[in-house]
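Reproduced below: work24.cif, with mmCIF, C-alpha atoms.
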```cif
data_input
#
loop_
_atom_site.label_atom_id
_atom_site.label_comp_id
_atom_site.auth_asym_id
_atom_site.auth_seq_id
_atom_site.Cartn_x
_atom_site.Cartn_y
_atom_site.Cartn_z
CA MET X 22 -47.66 131.46 -43.14
CA THR X 23 -50.57 130.62 -45.34
CA GLY X 24 -49.24 132.54 -48.30
CA LYS X 25 -52.26 134.79 -48.30
CA LEU X 26 -52.07 138.57 -48.41
CA THR X 27 -53.81 140.39 -45.59
CA LEU X 28 -56.58 142.79 -46.59
CA ALA X 29 -58.13 145.53 -44.49
CA LEU X 30 -60.93 147.87 -45.48
CA ILE X 31 -61.16 151.02 -43.40
CA PRO X 32 -64.45 152.92 -43.76
CA LEU X 33 -64.24 156.66 -43.11
CA SER X 34 -67.18 159.06 -43.45
CA GLY X 35 -68.98 157.57 -46.41
CA CYS X 36 -72.23 155.94 -47.41
CA GLY X 37 -70.85 152.38 -47.44
CA GLY X 38 -71.64 151.75 -51.10
CA CYS X 39 -68.00 151.20 -51.96
CA GLU X 40 -67.76 148.61 -49.18
CA VAL X 41 -70.64 146.71 -50.74
CA GLN X 42 -68.95 146.88 -54.14
CA ALA X 43 -65.69 145.55 -52.65
CA LEU X 44 -67.65 142.75 -50.97
CA ARG X 45 -69.29 141.92 -54.29
CA ALA X 46 -65.89 141.86 -56.00
CA LEU X 47 -64.62 139.33 -53.46
CA ALA X 48 -67.82 137.29 -53.61
CA LEU X 49 -67.94 137.10 -57.41
CA HIS X 50 -64.24 136.35 -57.96
CA GLU X 51 -63.30 133.19 -56.08
CA ASP X 52 -59.61 133.42 -56.95
CA LEU X 53 -59.45 136.61 -54.88
CA GLN X 54 -60.84 134.76 -51.85
CA GLU X 55 -57.92 132.34 -52.07
CA ARG X 56 -55.39 135.13 -52.32
CA TYR X 57 -56.62 137.53 -49.65
CA GLU X 58 -57.33 137.07 -45.99
CA ILE X 59 -59.55 139.75 -44.45
CA VAL X 60 -58.08 140.97 -41.16
CA TYR X 61 -60.08 144.13 -40.55
CA TRP X 62 -63.39 145.10 -42.08
CA PRO X 63 -66.22 146.20 -39.79
CA LEU X 64 -68.86 145.11 -42.31
CA VAL X 65 -67.50 141.57 -42.63
CA VAL X 66 -65.31 140.41 -39.69
CA GLU X 67 -65.60 140.93 -35.94
CA GLU X 68 -62.17 142.44 -35.44
CA THR X 69 -62.17 145.77 -33.68
CA ARG X 70 -58.46 146.63 -33.79
CA LEU X 71 -56.36 147.41 -36.83
CA PRO X 72 -53.45 144.90 -37.10
CA GLU X 73 -49.84 146.10 -36.93
CA LYS X 74 -48.89 145.04 -40.46
CA ILE X 75 -51.26 144.96 -43.42
CA ASP X 76 -50.39 144.08 -47.00
CA VAL X 77 -53.25 145.82 -48.77
CA ALA X 78 -55.44 148.45 -47.11
CA ILE X 79 -58.44 150.06 -48.76
CA VAL X 80 -59.91 153.34 -47.49
CA GLU X 81 -63.41 154.38 -48.39
CA GLY X 82 -65.19 157.65 -47.76
CA LEU X 83 -64.09 161.12 -46.87
CA VAL X 84 -62.19 162.57 -43.92
CA ARG X 85 -64.64 164.61 -41.87
CA THR X 86 -63.80 164.03 -38.20
CA ARG X 87 -60.59 163.87 -36.17
CA GLU X 88 -61.17 160.12 -35.70
CA ASN X 89 -61.23 159.63 -39.48
CA LEU X 90 -57.93 161.45 -39.81
CA GLU X 91 -56.23 159.30 -37.17
CA MET X 92 -57.61 156.13 -38.74
CA LEU X 93 -56.35 157.17 -42.17
CA ARG X 94 -52.87 157.91 -40.85
CA GLU X 95 -52.73 154.58 -39.05
CA ALA X 96 -53.80 152.83 -42.25
CA ARG X 97 -51.01 154.51 -44.18
CA LEU X 98 -48.38 153.71 -41.57
CA ARG X 99 -49.31 150.05 -41.21
CA SER X 100 -50.06 149.12 -44.82
CA ARG X 101 -47.77 148.34 -47.71
CA THR X 102 -50.27 149.24 -50.43
CA LEU X 103 -53.02 151.76 -49.82
CA ILE X 104 -55.97 152.04 -52.20
CA ALA X 105 -58.39 154.98 -52.20
CA LEU X 106 -61.70 153.44 -53.20
CA GLY X 107 -64.54 155.47 -54.66
CA SER X 108 -65.06 159.10 -55.54
CA CYS X 109 -65.17 160.25 -51.90
CA ALA X 110 -61.71 158.93 -51.05
CA ALA X 111 -60.28 160.06 -54.37
CA TRP X 112 -61.89 163.44 -55.12
CA GLY X 113 -64.22 164.29 -52.26
CA GLY X 114 -67.33 162.87 -53.91
CA ILE X 115 -70.90 163.86 -53.09
CA GLY X 116 -69.99 164.18 -49.43
CA GLY X 117 -67.50 166.89 -50.34
CA SER X 118 -70.46 169.21 -50.95
CA ALA X 119 -70.63 169.48 -47.16
CA ASP X 120 -67.88 172.04 -47.62
CA SER X 121 -70.49 174.44 -49.03
CA PHE X 122 -71.34 175.42 -45.46
CA ASN X 123 -69.44 176.21 -42.34
CA PRO X 124 -69.67 173.02 -40.21
CA TRP X 125 -70.37 174.95 -36.99
CA LEU X 126 -73.23 176.80 -38.70
CA SER X 127 -74.63 173.49 -39.94
CA MET X 128 -74.42 172.01 -36.43
CA LYS X 129 -76.24 175.06 -35.09
CA ALA X 130 -78.94 174.77 -37.74
CA ILE X 131 -79.56 171.09 -37.02
CA TYR X 132 -78.88 170.65 -33.28
CA GLY X 133 -79.16 174.20 -31.97
CA ARG X 134 -75.62 174.08 -30.57
CA GLU X 135 -72.22 174.46 -32.17
CA LYS X 136 -70.77 171.48 -30.34
CA ILE X 137 -72.20 168.42 -28.67
CA GLU X 138 -69.98 166.94 -25.98
CA GLU X 139 -70.43 163.27 -26.84
CA SER X 140 -70.22 163.73 -30.63
CA ALA X 141 -67.11 163.27 -32.75
CA GLU X 142 -64.83 166.27 -33.22
CA MET X 143 -65.44 167.78 -36.64
CA LEU X 144 -62.63 169.09 -38.83
CA PRO X 145 -63.12 172.60 -40.24
CA ARG X 146 -63.51 171.22 -43.75
CA ALA X 147 -64.00 167.92 -45.54
CA TYR X 148 -60.94 166.33 -47.12
CA ALA X 149 -60.52 163.65 -49.73
CA ALA X 150 -58.39 160.82 -48.33
CA ALA X 151 -56.01 160.92 -51.30
CA ASP X 152 -55.18 164.58 -50.56
CA LEU X 153 -54.00 163.94 -47.02
CA VAL X 154 -51.77 160.87 -47.31
CA PRO X 155 -49.94 159.42 -50.32
CA VAL X 156 -51.98 156.59 -51.80
CA ASP X 157 -50.73 153.94 -54.20
CA TYR X 158 -53.87 153.44 -56.24
CA VAL X 159 -57.06 155.35 -56.82
CA ILE X 160 -60.14 153.45 -57.94
CA SER X 161 -62.56 156.21 -58.76
CA ARG X 162 -66.29 156.36 -59.65
CA CYS X 163 -69.42 156.39 -57.56
CA PRO X 164 -69.80 153.48 -56.94
CA PRO X 165 -66.59 151.90 -58.28
CA PRO X 166 -67.29 149.07 -60.74
CA VAL X 167 -66.69 145.54 -59.44
CA GLU X 168 -64.37 144.73 -62.34
CA HIS X 169 -62.03 147.59 -61.47
CA ILE X 170 -61.68 146.43 -57.86
CA ALA X 171 -61.12 142.80 -58.90
CA LEU X 172 -58.58 143.80 -61.56
CA ALA X 173 -56.62 145.95 -59.13
CA LEU X 174 -56.61 143.36 -56.33
CA ARG X 175 -55.58 140.60 -58.72
CA ALA X 176 -52.76 142.67 -60.21
CA ILE X 177 -51.46 143.56 -56.73
CA ALA X 178 -51.55 139.90 -55.67
CA GLU X 179 -49.56 138.92 -58.76
CA GLY X 180 -47.09 141.75 -58.24
CA LYS X 181 -47.92 143.47 -61.52
CA ARG X 182 -48.69 147.05 -62.40
CA VAL X 183 -52.35 147.92 -62.69
CA PRO X 184 -53.12 149.01 -66.27
CA VAL X 185 -54.47 152.55 -66.68
CA ALA X 186 -56.68 153.81 -69.50
CA ASP X 187 -56.27 157.45 -70.53
CA SER X 188 -59.49 157.97 -72.45
CA THR X 189 -62.77 159.65 -71.50
CA VAL X 190 -66.40 158.61 -71.13
CA CYS X 191 -67.10 159.91 -74.66
CA SER X 192 -65.16 156.99 -76.17
CA GLN X 193 -67.79 154.56 -74.85
CA CYS X 194 -70.82 156.76 -75.51
CA PRO X 195 -72.93 155.76 -78.56
CA ARG X 196 -74.23 159.29 -79.18
CA GLU X 197 -73.08 161.00 -82.35
CA MET X 198 -71.08 164.21 -82.04
CA LYS X 199 -72.14 166.93 -84.49
CA PRO X 200 -70.87 170.49 -84.95
CA ILE X 201 -72.78 173.24 -83.14
CA GLU X 202 -74.35 175.82 -85.48
CA GLN X 203 -75.52 178.34 -82.89
CA LEU X 204 -73.65 178.36 -79.58
CA GLU X 205 -76.15 178.55 -76.71
CA PHE X 206 -76.59 176.61 -73.51
CA LYS X 207 -79.88 175.34 -72.17
CA PRO X 208 -80.09 175.30 -68.38
CA GLY X 209 -81.28 172.23 -66.55
CA LEU X 210 -81.45 168.61 -67.62
CA PRO X 211 -82.53 167.47 -71.10
CA GLY X 212 -86.25 166.81 -71.33
CA PRO X 213 -88.17 164.45 -73.62
CA ASP X 214 -87.60 166.76 -76.61
CA ALA X 215 -83.86 166.03 -76.65
CA ASP X 216 -82.62 163.90 -79.54
CA PRO X 217 -81.61 160.45 -78.18
CA ASN X 218 -78.92 159.84 -80.80
CA THR X 219 -77.04 163.15 -80.75
CA CYS X 220 -74.39 164.24 -78.30
CA PHE X 221 -75.63 166.47 -75.45
CA LEU X 222 -72.93 169.04 -76.12
CA SER X 223 -74.10 169.35 -79.76
CA GLN X 224 -77.65 169.97 -78.51
CA GLY X 225 -76.57 172.66 -76.05
CA TYR X 226 -76.92 170.70 -72.80
CA LEU X 227 -74.07 170.39 -70.34
CA CYS X 228 -72.44 166.95 -70.20
CA LEU X 229 -69.13 166.31 -68.47
CA GLY X 230 -68.38 163.14 -70.44
CA SER X 231 -65.50 164.61 -72.41
CA VAL X 232 -63.56 165.58 -69.25
CA THR X 233 -64.35 162.52 -67.11
CA THR X 234 -62.14 159.47 -66.96
CA VAL X 235 -63.20 156.31 -68.79
CA GLY X 236 -64.38 153.04 -67.25
CA CYS X 237 -68.15 153.01 -66.72
CA GLY X 238 -69.49 152.17 -70.18
CA ALA X 239 -71.42 155.46 -70.32
CA PRO X 240 -74.71 154.20 -68.84
CA CYS X 241 -76.08 157.69 -68.10
CA PRO X 242 -75.80 159.17 -71.64
CA ARG X 243 -77.24 155.94 -73.02
CA HIS X 244 -80.37 156.51 -70.93
CA GLY X 245 -80.78 160.22 -71.57
CA ILE X 246 -78.99 161.65 -68.54
CA PRO X 247 -75.90 163.81 -69.14
CA CYS X 248 -72.65 162.79 -67.46
CA PHE X 249 -72.17 164.38 -64.04
CA GLY X 250 -68.52 163.38 -63.80
CA CYS X 251 -68.65 160.78 -61.02
CA GLY X 252 -65.36 159.26 -62.16
CA GLY X 253 -63.43 162.41 -61.43
CA PRO X 254 -61.46 164.46 -63.94
CA HIS X 255 -59.51 162.93 -66.76
CA LEU X 256 -55.88 162.04 -66.06
CA GLU X 257 -54.46 164.97 -68.03
CA ILE X 258 -56.69 167.52 -66.28
CA ALA X 259 -55.67 166.21 -62.88
CA GLU X 260 -51.98 166.24 -63.73
CA ARG X 261 -51.55 169.42 -65.71
CA ARG X 262 -51.69 172.69 -63.85
CA ASP X 263 -52.99 174.77 -66.77
CA MET X 264 -56.07 172.61 -67.31
CA ASP X 265 -59.26 172.72 -65.30
CA ILE X 266 -62.61 171.02 -65.80
CA VAL X 267 -64.30 174.23 -66.99
CA THR X 268 -61.52 175.32 -69.35
CA ALA X 269 -61.02 171.86 -70.85
CA LEU X 270 -64.73 171.55 -71.48
CA ALA X 271 -64.96 175.07 -72.91
CA ARG X 272 -62.13 174.31 -75.34
CA LYS X 273 -63.98 171.29 -76.69
CA ILE X 274 -67.30 173.13 -76.96
CA ALA X 275 -65.65 176.13 -78.66
CA THR X 276 -64.07 173.91 -81.30
CA LEU X 277 -67.35 172.08 -81.91
CA ALA X 278 -68.97 175.48 -82.50
CA GLY X 279 -66.24 176.47 -84.97
CA LEU X 280 -64.61 179.06 -82.69
CA ASP X 281 -60.93 179.35 -81.88
CA PRO X 282 -60.19 177.41 -78.66
CA ALA X 283 -57.43 179.81 -77.63
CA ASN X 284 -58.89 183.25 -78.39
CA ASP X 285 -62.58 182.61 -77.70
CA LEU X 286 -61.98 180.52 -74.58
CA ASP X 287 -62.91 183.29 -72.14
CA LYS X 288 -66.15 183.98 -73.99
CA VAL X 289 -67.28 180.35 -73.79
CA VAL X 290 -66.22 180.04 -70.13
CA ASP X 291 -68.26 183.16 -69.30
CA MET X 292 -71.27 181.73 -71.10
CA LEU X 293 -70.91 178.41 -69.26
CA LEU X 294 -70.58 180.01 -65.82
CA LYS X 295 -73.48 182.40 -66.52
CA THR X 296 -75.83 179.58 -67.51
CA TYR X 297 -74.87 176.97 -64.94
CA ASP X 298 -74.06 177.13 -61.27
CA PRO X 299 -70.27 176.73 -60.82
CA ARG X 300 -70.96 173.80 -58.49
CA ARG X 301 -72.45 171.85 -61.41
CA PHE X 302 -68.92 171.26 -62.76
CA TYR X 303 -67.60 170.03 -59.42
CA VAL X 304 -70.43 167.79 -58.20
CA PHE X 305 -68.05 164.95 -57.36
CA THR X 306 -64.81 166.90 -57.02
CA PHE X 307 -65.88 169.75 -54.76
CA ALA X 308 -63.57 168.92 -51.83
CA SER X 309 -60.56 167.94 -53.93
CA GLN X 310 -57.42 169.90 -53.20
CA VAL X 311 -56.12 169.01 -56.67
CA LEU X 312 -58.81 171.12 -58.36
CA ARG X 313 -58.81 173.89 -55.76
CA ARG X 314 -55.13 174.53 -56.48
CA LYS X 315 -55.69 175.22 -60.18
CA PRO X 316 -54.62 178.74 -61.23
CA HIS X 317 -58.02 179.96 -62.45
CA GLY X 318 -59.64 178.76 -59.25
CA TYR X 319 -63.09 177.91 -60.58
CA ALA X 320 -63.52 175.37 -57.78
CA VAL X 321 -62.72 177.97 -55.11
CA HIS X 322 -65.05 180.39 -56.90
CA ALA X 323 -67.80 177.75 -56.71
CA LEU X 324 -67.14 177.31 -52.98
CA ALA X 325 -67.18 181.04 -52.28
CA SER X 326 -70.30 181.71 -54.34
CA THR X 327 -72.19 179.01 -52.43
CA ARG X 328 -71.10 180.23 -49.02
CA ARG X 329 -72.10 183.80 -49.90
CA ASN X 330 -75.39 182.80 -51.51
CA PRO X 331 -78.00 184.91 -49.63
CA VAL X 332 -80.73 182.29 -50.08
CA PHE X 333 -78.66 179.56 -48.42
CA VAL X 334 -77.41 181.83 -45.65
CA LYS X 335 -80.92 183.06 -44.86
CA ARG X 336 -82.29 179.52 -44.78
CA LEU X 337 -79.50 178.34 -42.47
CA GLU X 338 -80.08 181.24 -40.08
CA GLU X 339 -83.81 180.54 -40.03
CA ARG X 340 -83.18 176.90 -39.25
CA ALA X 341 -80.73 177.81 -36.52
CA ARG X 342 -83.31 180.11 -34.90
CA PHE X 343 -85.90 177.35 -35.18
CA ALA X 344 -83.59 174.73 -33.65
CA GLN X 345 -82.72 177.02 -30.74
CA GLY X 346 -86.36 177.81 -30.06
CA GLU X 347 -87.17 174.10 -29.97
CA GLU X 348 -84.96 173.40 -26.98
CA MET Y 22 -28.84 165.94 -83.73
CA PRO Y 23 -30.79 164.11 -86.44
CA VAL Y 24 -34.16 165.59 -87.29
CA GLN Y 25 -36.88 163.17 -86.27
CA THR Y 26 -40.08 163.17 -88.27
CA VAL Y 27 -43.22 163.17 -86.19
CA THR Y 28 -45.68 160.31 -86.68
CA ILE Y 29 -49.33 160.97 -85.89
CA LYS Y 30 -51.76 158.17 -85.19
CA ILE Y 31 -55.48 158.31 -84.62
CA ARG Y 32 -56.92 155.56 -82.45
CA VAL Y 33 -60.03 154.72 -84.42
CA ASP Y 34 -61.54 152.62 -81.62
CA ARG Y 35 -61.91 155.77 -79.53
CA CYS Y 36 -62.60 158.38 -82.21
CA LYS Y 37 -66.05 159.99 -82.10
CA LYS Y 38 -65.87 161.50 -85.64
CA CYS Y 39 -66.46 165.00 -84.22
CA LEU Y 40 -63.66 166.36 -86.50
CA ASN Y 41 -62.51 168.82 -83.84
CA CYS Y 42 -58.93 168.11 -84.96
CA VAL Y 43 -59.70 169.12 -88.56
CA ARG Y 44 -61.27 172.39 -87.41
CA VAL Y 45 -58.58 173.37 -84.94
CA CYS Y 46 -55.27 172.49 -86.61
CA THR Y 47 -52.99 175.54 -86.66
CA ALA Y 48 -50.71 174.36 -89.46
CA PHE Y 49 -50.85 176.32 -92.72
CA ASP Y 50 -52.70 173.71 -94.77
CA GLY Y 51 -53.99 171.62 -91.89
CA VAL Y 52 -52.63 168.23 -90.97
CA TYR Y 53 -55.94 166.38 -90.79
CA GLU Y 54 -58.63 165.80 -93.36
CA GLU Y 55 -61.98 164.08 -93.24
CA GLY Y 56 -61.60 160.59 -94.61
CA PRO Y 57 -64.12 158.69 -96.73
CA ASP Y 58 -65.56 156.78 -93.74
CA GLY Y 59 -66.07 159.89 -91.58
CA TYR Y 60 -62.96 159.40 -89.46
CA PRO Y 61 -60.22 162.02 -89.71
CA VAL Y 62 -57.08 160.95 -91.56
CA VAL Y 63 -53.57 162.32 -91.23
CA ALA Y 64 -53.14 163.76 -94.72
CA ARG Y 65 -50.07 166.02 -94.30
CA PRO Y 66 -47.98 164.94 -91.30
CA GLU Y 67 -44.98 166.96 -92.53
CA GLU Y 68 -46.96 170.19 -91.93
CA CYS Y 69 -47.32 169.50 -88.20
CA VAL Y 70 -45.78 172.22 -86.03
CA GLN Y 71 -46.30 170.18 -82.84
CA CYS Y 72 -48.46 172.72 -81.04
CA LEU Y 73 -50.56 169.80 -79.73
CA ILE Y 74 -53.77 171.83 -79.58
CA CYS Y 75 -55.50 168.86 -81.19
CA HIS Y 76 -54.81 166.90 -77.98
CA THR Y 77 -56.60 169.45 -75.82
CA VAL Y 78 -59.72 169.62 -77.98
CA CYS Y 79 -60.09 165.90 -78.70
CA PRO Y 80 -62.92 164.65 -76.48
CA THR Y 81 -61.51 161.13 -76.15
CA ASN Y 82 -57.70 161.52 -76.31
CA ALA Y 83 -57.60 159.60 -79.58
CA ILE Y 84 -54.61 161.39 -81.13
CA VAL Y 85 -51.08 160.15 -80.47
CA HIS Y 86 -47.92 161.95 -81.53
CA GLU Y 87 -44.92 159.67 -81.79
CA ASN Y 88 -41.35 160.99 -82.05
CA TYR Y 89 -42.66 164.22 -80.60
CA ARG Y 90 -39.99 166.74 -79.63
CA LYS Y 91 -38.47 166.05 -76.27
CA THR Y 92 -37.42 168.74 -73.85
CA MET Y 93 -33.81 168.26 -72.78
CA LEU Y 94 -32.66 169.50 -69.42
CA ILE Y 95 -29.04 170.44 -69.83
CA ASN Y 96 -27.07 168.95 -67.01
CA PRO Y 97 -23.53 170.19 -66.56
CA ASP Y 98 -20.68 167.79 -66.68
CA GLU Y 99 -19.83 165.91 -63.51
CA ALA Y 100 -16.35 167.48 -63.37
CA ILE Y 101 -17.78 171.00 -63.50
CA VAL Y 102 -20.23 170.14 -60.76
CA GLN Y 103 -17.34 168.91 -58.66
CA ARG Y 104 -15.34 172.10 -59.33
CA TYR Y 105 -18.14 174.39 -58.25
CA ARG Y 106 -18.77 172.29 -55.16
CA ASN Y 107 -15.14 172.77 -54.15
CA MET Y 108 -15.36 176.52 -54.76
CA ILE Y 109 -18.20 176.83 -52.26
#
```
What do you get writing this file as structure tokens?
Amino acid sequence: MTGKLTLALIPLSGCGGCEVQALRALALHEDLQERYEIVYWPLVVEETRLPEKIDVAIVEGLVRTRENLEMLREARLRSRTLIALGSCAAWGGIGGSADSFNPWLSMKAIYGREKIEESAEMLPRAYAAADLVPVDYVISRCPPPVEHIALALRAIAEGKRVPVADSTVCSQCPREMKPIEQLEFKPGLPGPDADPNTCFLSQGYLCLGSVTTVGCGAPCPRHGIPCFGCGGPHLEIAERRDMDIVTALARKIATLAGLDPANDLDKVVDMLLKTYDPRRFYVFTFASQVLRRKPHGYAVHALASTRRNPVFVKRLEERARFAQGEE
Amino acid sequence: MPVQTVTIKIRVDRCKKCLNCVRVCTAFDGVYEEGPDGYPVVARPEECVQCLICHTVCPTNAIVHENYRKTMLINPDEAIVQRYRNMI
């Protein structure tokens, strides 16, 4: 026994950015290299089989194929601590938007056939890894900051609890929040005419900072881009059944505009959903079962409205006809 | 049961000075007031009816209620549990 903990990183269907961030965390923090021994990581070591017993396993990416699902279950069975790394493993991430379309229709549009014999078997929908198996820790964001990964790995090696912050992105944003005089929403992203020192919500643009969990340092609002919520919903929204991203945001906007957050909530929600596409609120959380189970079902509404969108359906059918004619 | 007074704290390191809490408070006079430096201050904590709507409208979760009412689940006595178990 060397006294080192064994570490395995299992990539599922993802872009690999979280793997690079984990590699950077290990490269930049030398004390972690002394504490962890990498036993399985396709990017780093030439080991093709998952070991029987792992101390810490990290999964990255989203569950899209049958192979992914089996790999995830093996990781849970063999590991003592399982970490879901990145927005895809935690909430579905950008890849969760694949759920907007029927996978067989997408296959037909791209390859001309519903199934290719030698390809991997696709699941009927995309899943976030944290929805399918119990995970011990979730390190969210896209990509997850190096400090978060290092902090979590160090705390696990020392046998401590990982500290959790319960604030939102707004607490790190330098923009000044002002009351809204006239409640109206401007579609699209803020242009050059937007005030760089005032909160986006006060100016009428949509920014998900007040419902997104803290930890990034608010780089996007600092540079004139509203928050898209890559960190996933705030702790309270994820835990409480009566809160959803849209309703929590509408409550805050209604109060800023001087309305009553309880009585005028429906009015503000209607205005929000009329101005913006429902998918805009669930860019990084589209495939998450946590948000699809909420009672108002705005996430399911977003899914259904995309699947029924005549423009998308027509384009997919045209592509399918084109792909079949090519063969 | 002794009546516990609620203590309200505002974490100034997180507060954005949006004064949502001042606007939304449902108590008769309002618990919060705008302080001299722009941050909200807890002026009348004895007015608080513990509706906690200020928590849901605060953009940064900066408000903390201490000694907030606790829900008690009433568990029957162990002997009664035993009695009913024997009856079934």
- Item | Spatial neighbours of Thr28 of chain Y, 12 Å, only C-alpha atoms, chain gap at least 6 places, as a list in words | Val52, Val63, Ala64, Arg65, Pro66, Glu67, Glu68, Cys69, Val70, Gln71, Ile84, Val85, His86, Glu87, Asn88, Tyr89 and Arg90 of chain Y
Sorted by chain and rising residue number, which residues of chain X lie within 10 Å of chain Y, and what are their closest atom pairs and distances in Å to one decimal, counting all atoms listed in the file, as JSON lines?
```
{"residue": "X:Asp187", "atom": "CA", "partner": "Y:Asn82", "partner_atom": "CA", "distance": 7.2}
{"residue": "X:Ser188", "atom": "CA", "partner": "Y:Thr81", "partner_atom": "CA", "distance": 5.3}
{"residue": "X:Thr189", "atom": "CA", "partner": "Y:Thr81", "partner_atom": "CA", "distance": 5.0}
{"residue": "X:Val190", "atom": "CA", "partner": "Y:Thr81", "partner_atom": "CA", "distance": 7.4}
{"residue": "X:Cys191", "atom": "CA", "partner": "Y:Thr81", "partner_atom": "CA", "distance": 5.9}
{"residue": "X:Ser192", "atom": "CA", "partner": "Y:Arg35", "partner_atom": "CA", "distance": 4.8}
{"residue": "X:Gln193", "atom": "CA", "partner": "Y:Arg35", "partner_atom": "CA", "distance": 7.6}
{"residue": "X:Cys194", "atom": "CA", "partner": "Y:Lys37", "partner_atom": "CA", "distance": 8.8}
{"residue": "X:Pro195", "atom": "CA", "partner": "Y:Lys37", "partner_atom": "CA", "distance": 8.8}
{"residue": "X:Arg196", "atom": "CA", "partner": "Y:Lys37", "partner_atom": "CA", "distance": 8.7}
{"residue": "X:Glu197", "atom": "CA", "partner": "Y:Lys37", "partner_atom": "CA", "distance": 7.1}
{"residue": "X:Met198", "atom": "CA", "partner": "Y:Cys39", "partner_atom": "CA", "distance": 5.2}
{"residue": "X:Lys199", "atom": "CA", "partner": "Y:Cys39", "partner_atom": "CA", "distance": 6.0}
{"residue": "X:Pro200", "atom": "CA", "partner": "Y:Cys39", "partner_atom": "CA", "distance": 7.1}
{"residue": "X:Cys220", "atom": "CA", "partner": "Y:Cys39", "partner_atom": "CA", "distance": 9.9}
{"residue": "X:Ser223", "atom": "CA", "partner": "Y:Cys39", "partner_atom": "CA", "distance": 9.9}
{"residue": "X:Gly230", "atom": "CA", "partner": "Y:Pro80", "partner_atom": "CA", "distance": 8.3}
{"residue": "X:Ser231", "atom": "CA", "partner": "Y:Pro80", "partner_atom": "CA", "distance": 4.8}
{"residue": "X:Val232", "atom": "CA", "partner": "Y:Pro80", "partner_atom": "CA", "distance": 7.3}
{"residue": "X:Thr233", "atom": "CA", "partner": "Y:Thr81", "partner_atom": "CA", "distance": 9.6}
{"residue": "X:Thr234", "atom": "CA", "partner": "Y:Thr81", "partner_atom": "CA", "distance": 9.4}
{"residue": "X:Val235", "atom": "CA", "partner": "Y:Thr81", "partner_atom": "CA", "distance": 9.0}
{"residue": "X:His255", "atom": "CA", "partner": "Y:Thr81", "partner_atom": "CA", "distance": 9.8}
{"residue": "X:Glu257", "atom": "CA", "partner": "Y:Thr77", "partner_atom": "CA", "distance": 9.2}
{"residue": "X:Ile258", "atom": "CA", "partner": "Y:Thr77", "partner_atom": "CA", "distance": 9.7}
{"residue": "X:Met264", "atom": "CA", "partner": "Y:Thr77", "partner_atom": "CA", "distance": 9.1}
{"residue": "X:Ala269", "atom": "CA", "partner": "Y:Thr77", "partner_atom": "CA", "distance": 7.1}
{"residue": "X:Leu270", "atom": "CA", "partner": "Y:Val78", "partner_atom": "CA", "distance": 8.4}
{"residue": "X:Ala271", "atom": "CA", "partner": "Y:Val78", "partner_atom": "CA", "distance": 9.1}
{"residue": "X:Arg272", "atom": "CA", "partner": "Y:Val78", "partner_atom": "CA", "distance": 5.9}
{"residue": "X:Lys273", "atom": "CA", "partner": "Y:Val78", "partner_atom": "CA", "distance": 4.8}
{"residue": "X:Ile274", "atom": "CA", "partner": "Y:Val78", "partner_atom": "CA", "distance": 8.4}
{"residue": "X:Ala275", "atom": "CA", "partner": "Y:Val78", "partner_atom": "CA", "distance": 8.8}
{"residue": "X:Thr276", "atom": "CA", "partner": "Y:Asn41", "partner_atom": "CA", "distance": 5.9}
{"residue": "X:Leu277", "atom": "CA", "partner": "Y:Asn41", "partner_atom": "CA", "distance": 6.1}
{"residue": "X:Ala278", "atom": "CA", "partner": "Y:Asn41", "partner_atom": "CA", "distance": 9.4}
{"residue": "X:Gly279", "atom": "CA", "partner": "Y:Arg44", "partner_atom": "CA", "distance": 6.9}
{"residue": "X:Leu280", "atom": "CA", "partner": "Y:Val45", "partner_atom": "CA", "distance": 8.6}
{"residue": "X:Asp281", "atom": "CA", "partner": "Y:Val45", "partner_atom": "CA", "distance": 7.1}
{"residue": "X:Pro282", "atom": "CA", "partner": "Y:Val45", "partner_atom": "CA", "distance": 7.6}
{"residue": "X:Ala283", "atom": "CA", "partner": "Y:Ile74", "partner_atom": "CA", "distance": 9.0}
```
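In this model, the gap between atom CA of Tyr53 of chain Y and atom CA of Leu286 of chain X comes to 22.3 Å.
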- Message: as a list in words, please: the residues near Cys251 of chain X (cut-off 6 Å, all atoms listed in the file, same-chain neighbours under 3 positions excluded).
- Response: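 The residues that qualify are Arg162, Cys163 and Phe305 of chain X.
Of note, atom CA of Pro299 of chain X and atom CA of Ala320 of chain X are spaced 7.5 Å apart.
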- Task: Using the chain letters and residue numbers of this document, give as an MDAnalysis selection string the residues selected by the PyMOL selection byres ((chain X and resi 126-136) around 8).
- Result: chainID X and resid 122:125 137:138 140 337:345 348
Residue selection dump (C-alpha atoms) as a compact mmCIF listing (two decimals), in the coordinates of the input:
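New file result-v1.txt:
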```
# COMPACT_ATOMS: atom_id res chain seq x y z
CA PHE X 122 -71.34 175.42 -45.46
CA ASN X 123 -69.44 176.21 -42.34
CA PRO X 124 -69.67 173.02 -40.21
CA TRP X 125 -70.37 174.95 -36.99
CA ILE X 137 -72.20 168.42 -28.67
CA GLU X 138 -69.98 166.94 -25.98
CA SER X 140 -70.22 163.73 -30.63
CA LEU X 337 -79.50 178.34 -42.47
CA GLU X 338 -80.08 181.24 -40.08
CA GLU X 339 -83.81 180.54 -40.03
CA ARG X 340 -83.18 176.90 -39.25
CA ALA X 341 -80.73 177.81 -36.52
CA ARG X 342 -83.31 180.11 -34.90
CA PHE X 343 -85.90 177.35 -35.18
CA ALA X 344 -83.59 174.73 -33.65
CA GLN X 345 -82.72 177.02 -30.74
CA GLU X 348 -84.96 173.40 -26.98
```
- Message: What would the selection look like, as a VMD selection string, if the PyMOL selection byres ((chain X and resi 78-91) around 7) were run on the coordinates I just shared?
- Response: chain X and resid 28 to 35 39 75 to 77 92 to 96 100 102 to 107 109 to 110 113 141 to 144 146 to 150
